[in-house]
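> One structure follows; several queries about it will come next.
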2 protein chains.
Amino acid sequence: MKSEINVVIVDDQNLVRQGIIRLFEDHPHIKVVHEASDGVEIINWFKETKNKIPVDVVLMDMQMPNMDGWETTEILVRKYKQLRIIGLSSYDNEAFVDRFIKNGGRGYLLKVQEMNEVVSAIEQVAELGYYVSERVPLTKIQDFLRKTVLLPAFNTSVLSDQEIKVVQLICQEKTSQEIADILFVSKKTIESHRDRILTKINARNMVGIALYAVKHNLVKFS
Amino acid sequence: MKSEINVVIVDDQNLVRQGIIRLFEDHPHIKVVHEASDGVEIINWFKETKNKIPVDVVLMDMQMPNMDGWETTEILVRKYKQLRIIGLSSYDNEAFVDRFIKNGGRGYLLKVQEMNEVVSAIEQVAELGYYVSERVPLTKIQDFLRKTVLLPAFNTSVLSDQEIKVVQLICQEKTSQEIADILFVSKKTIESHRDRILTKINARNMVGIALYAVKHNLVKFS
DNA sequence: GGTGATTTGAGGGTTAACCCCTAACTAAAT
DNA sequence: ATTTAGTTAGGGGTTAACCCTCAAATCACC
């Protein structure tokens, strides 16, 4: 007989959240102890309950308003290091998975997957501490899990931190001069960065950079 | 007592689809007669069954691989004019709603909504033929429903057709000269269009145009 | 039939983007 | 210990983007 697992679900979409909770009825050893509809809500709930209610696994949607799944995971894991969070998303974008694992996530599920896969993931994360889906680019994640155990910092994007900053400012329709002023460096430095970014992502101009930023979730959308 | 409504659900995300089906158990007058995971699948199902199975309402996800909800709706409505399709999406983007209604959709629901709202929508669409959610920009849709009955064609975006073409080519990292060559007009014309677009959408440069295009679904993503 | 939006196109100007090059310093990887 | 990647920065050049004005033809709307 399987031991009981206490699960918290975070998803802003009521339909999806309620549906998943209902589907858990077929798996009585998984107990949904709490549900929340965004990052801020779940962080506050953890603060309030302070380990009064045991939580084994958090099932967290990535795309949420106010505070998204990545940010929320980062904050929760920093505060509750033992917490095991499984990411849930519509997209199997590599950059999404990478960033989530980097932020402390233990597994990544897609909404196209079947309920029994979700249950396996939860069981595996509760038992072993991590879960790797077969639907998600494998080698990358396993590399990640290995390296995140061994190494503290690790770069996920082909772009460096500084380059990402430049990309984000470009997406705010800033000129090179303005970006230079914001980052306290020379305009020539920003131009170097821009040229380097264009080469790296194989783009022709700022439009290519902007669309790359969207594709790789480097900019937020309303 | 409520009369029975036959519903088909189209959503590529198994978790979401199964969850919603389960939630319908609380509403026994709604009978899920079929489920499909993408546009091609549901179109084939309709071809095969050819009115053998009665369908009152289709609940269709917008974001799907292979063939998305918009395209699928357009094709189904053209073939089965009496078909009442409710759109289901994560996004309350005006352009999304507009395009869906324009393609023949009868109502638009968000995944953040509660199950009882979904049920009301289905009931209303089955009875009256359309449903307008209070969570969705109202006036626009009602305008639309009114005008799509009266008028054949209708412009949805603030941008004109030609301007949208220019935007899409800009998003392919084309220069004004290249766009001019593609559209067989003068470079000066494209510059006029570009300047006009910048003013209309209140952007500073091409990056603003690119991000506007993404936000308003004028460009497709992998 | 006039009004407004669209499409087309031109003249002429400024500047930022784009495209080369080099180069020094740093930090991390092998 | 040497290579590789990143950050910094400059020199110098070309061109596309950006910004202004003007204007004619077309089209839909009232």
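Each chain in the structure tokens gets a letter, A, B, ..., in the order shown, and its residues are numbered from 1; ligands are numbered from 1 in order too.
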Sorted by chain and rising residue number, list the residues of chain C at most 12 Å from chain A (counting only C-alpha atoms (C1' of nucleotides)), each with its closest atom pair and distance in Å to one decimal, as CSV.

residue,atom,partner,partner_atom,distance
C:DT15,C1',A:Thr175,CA,10.9
C:DA16,C1',A:Thr175,CA,7.4
C:DA17,C1',A:Asn205,CA,8.2
C:DC18,C1',A:Asn205,CA,8.0
C:DC19,C1',A:Asp195,CA,8.7
C:DC20,C1',A:Asp195,CA,11.2
C:DA28,C1',A:Phe154,CA,11.8
> What are the residues of chain D that have an atom within 9 Å of an atom of chain B, counting only C-alpha atoms (C1' of nucleotides), as a VMD selection string?
chain D and resid 16 to 19
> For a quick test of understanding: name the residues of chain B lying within 6 Å of chain A when counting only C-alpha atoms, and present them as a short mmCIF file (atom, residue, chain, number, x, y, z; two decimals) with all heavy atoms, in the first residue's frame.

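Now in out_15.cif:
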data_model
loop_
_atom_site.label_atom_id
_atom_site.label_comp_id
_atom_site.auth_asym_id
_atom_site.auth_seq_id
_atom_site.Cartn_x
_atom_site.Cartn_y
_atom_site.Cartn_z
N GLN B 13 -4.54 19.54 -24.34
CA GLN B 13 -3.94 19.25 -23.04
C GLN B 13 -4.80 18.24 -22.29
O GLN B 13 -5.86 18.56 -21.76
CB GLN B 13 -3.78 20.54 -22.25
CG GLN B 13 -2.89 21.54 -23.00
CD GLN B 13 -2.67 22.83 -22.27
OE1 GLN B 13 -3.53 23.26 -21.50
NE2 GLN B 13 -1.54 23.45 -22.51
N ASN B 14 -4.29 17.01 -22.23
CA ASN B 14 -5.04 15.91 -21.61
C ASN B 14 -5.51 16.25 -20.21
O ASN B 14 -6.65 16.00 -19.85
CB ASN B 14 -4.17 14.65 -21.57
CG ASN B 14 -4.01 14.05 -22.94
OD1 ASN B 14 -5.00 13.84 -23.63
ND2 ASN B 14 -2.79 13.79 -23.35
N LEU B 15 -4.60 16.82 -19.43
CA LEU B 15 -4.93 17.16 -18.05
C LEU B 15 -6.15 18.04 -17.97
O LEU B 15 -7.08 17.79 -17.22
CB LEU B 15 -3.77 17.90 -17.39
CG LEU B 15 -2.76 17.09 -16.60
CD1 LEU B 15 -1.82 18.03 -15.87
CD2 LEU B 15 -3.46 16.18 -15.61
N VAL B 16 -6.13 19.08 -18.79
CA VAL B 16 -7.22 20.06 -18.78
C VAL B 16 -8.51 19.42 -19.29
O VAL B 16 -9.57 19.55 -18.68
CB VAL B 16 -6.84 21.27 -19.66
CG1 VAL B 16 -7.97 22.29 -19.69
CG2 VAL B 16 -5.55 21.91 -19.16
N GLY B 19 -9.85 16.87 -16.86
CA GLY B 19 -10.34 17.56 -15.67
C GLY B 19 -11.70 18.16 -15.90
O GLY B 19 -12.60 18.03 -15.07
N ILE B 20 -11.86 18.83 -17.03
CA ILE B 20 -13.14 19.47 -17.34
C ILE B 20 -14.24 18.42 -17.48
O ILE B 20 -15.34 18.58 -16.94
CB ILE B 20 -13.03 20.32 -18.63
CG1 ILE B 20 -12.12 21.52 -18.37
CG2 ILE B 20 -14.40 20.80 -19.08
CD1 ILE B 20 -11.81 22.35 -19.61
N LYS B 111 -9.89 30.18 -19.04
CA LYS B 111 -9.62 29.05 -18.14
C LYS B 111 -9.57 29.46 -16.68
O LYS B 111 -9.57 28.61 -15.80
CB LYS B 111 -8.34 28.34 -18.56
CG LYS B 111 -8.50 27.56 -19.86
CD LYS B 111 -7.26 26.77 -20.22
CE LYS B 111 -7.47 26.05 -21.55
NZ LYS B 111 -6.23 25.44 -22.06
N VAL B 112 -9.49 30.76 -16.43
CA VAL B 112 -9.53 31.22 -15.04
C VAL B 112 -10.96 31.18 -14.49
O VAL B 112 -11.17 31.32 -13.29
CB VAL B 112 -8.99 32.65 -14.85
CG1 VAL B 112 -7.51 32.72 -15.15
CG2 VAL B 112 -9.76 33.65 -15.69
N GLN B 113 -11.93 31.01 -15.38
CA GLN B 113 -13.32 31.06 -14.92
C GLN B 113 -13.72 29.80 -14.16
O GLN B 113 -13.03 28.78 -14.22
CB GLN B 113 -14.24 31.31 -16.13
CG GLN B 113 -14.03 32.72 -16.69
CD GLN B 113 -14.94 33.05 -17.84
OE1 GLN B 113 -14.50 33.18 -18.96
NE2 GLN B 113 -16.21 33.22 -17.55
N GLU B 114 -14.83 29.90 -13.45
CA GLU B 114 -15.31 28.78 -12.64
C GLU B 114 -16.15 27.85 -13.50
O GLU B 114 -16.71 28.25 -14.52
CB GLU B 114 -16.17 29.30 -11.47
CG GLU B 114 -15.45 30.25 -10.54
CD GLU B 114 -14.53 29.52 -9.58
OE1 GLU B 114 -14.58 28.27 -9.52
OE2 GLU B 114 -13.74 30.21 -8.90
N VAL B 207 11.25 47.55 -32.65
CA VAL B 207 11.09 46.63 -31.52
C VAL B 207 9.67 46.73 -30.99
O VAL B 207 9.01 45.72 -30.74
CB VAL B 207 12.10 46.95 -30.41
CG1 VAL B 207 11.77 46.18 -29.14
CG2 VAL B 207 13.52 46.64 -30.87
N ALA B 210 7.42 44.91 -33.32
CA ALA B 210 7.56 43.45 -33.18
C ALA B 210 6.80 42.96 -31.95
O ALA B 210 6.07 41.97 -32.01
CB ALA B 210 9.04 43.08 -33.08
#
> Take atom CA of A:Ile201 and atom CA of A:Asp98 and report the distance between them in Å, one decimal.
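Interatomic distance here is 17.7 Å.
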> Give me, as a VMD selection string, the residues of stretch 14-84 of chain A that a backbone DSSP run labels helix (DSSP H, G or I).
chain A and resid 14 to 26 39 to 49 69 to 79
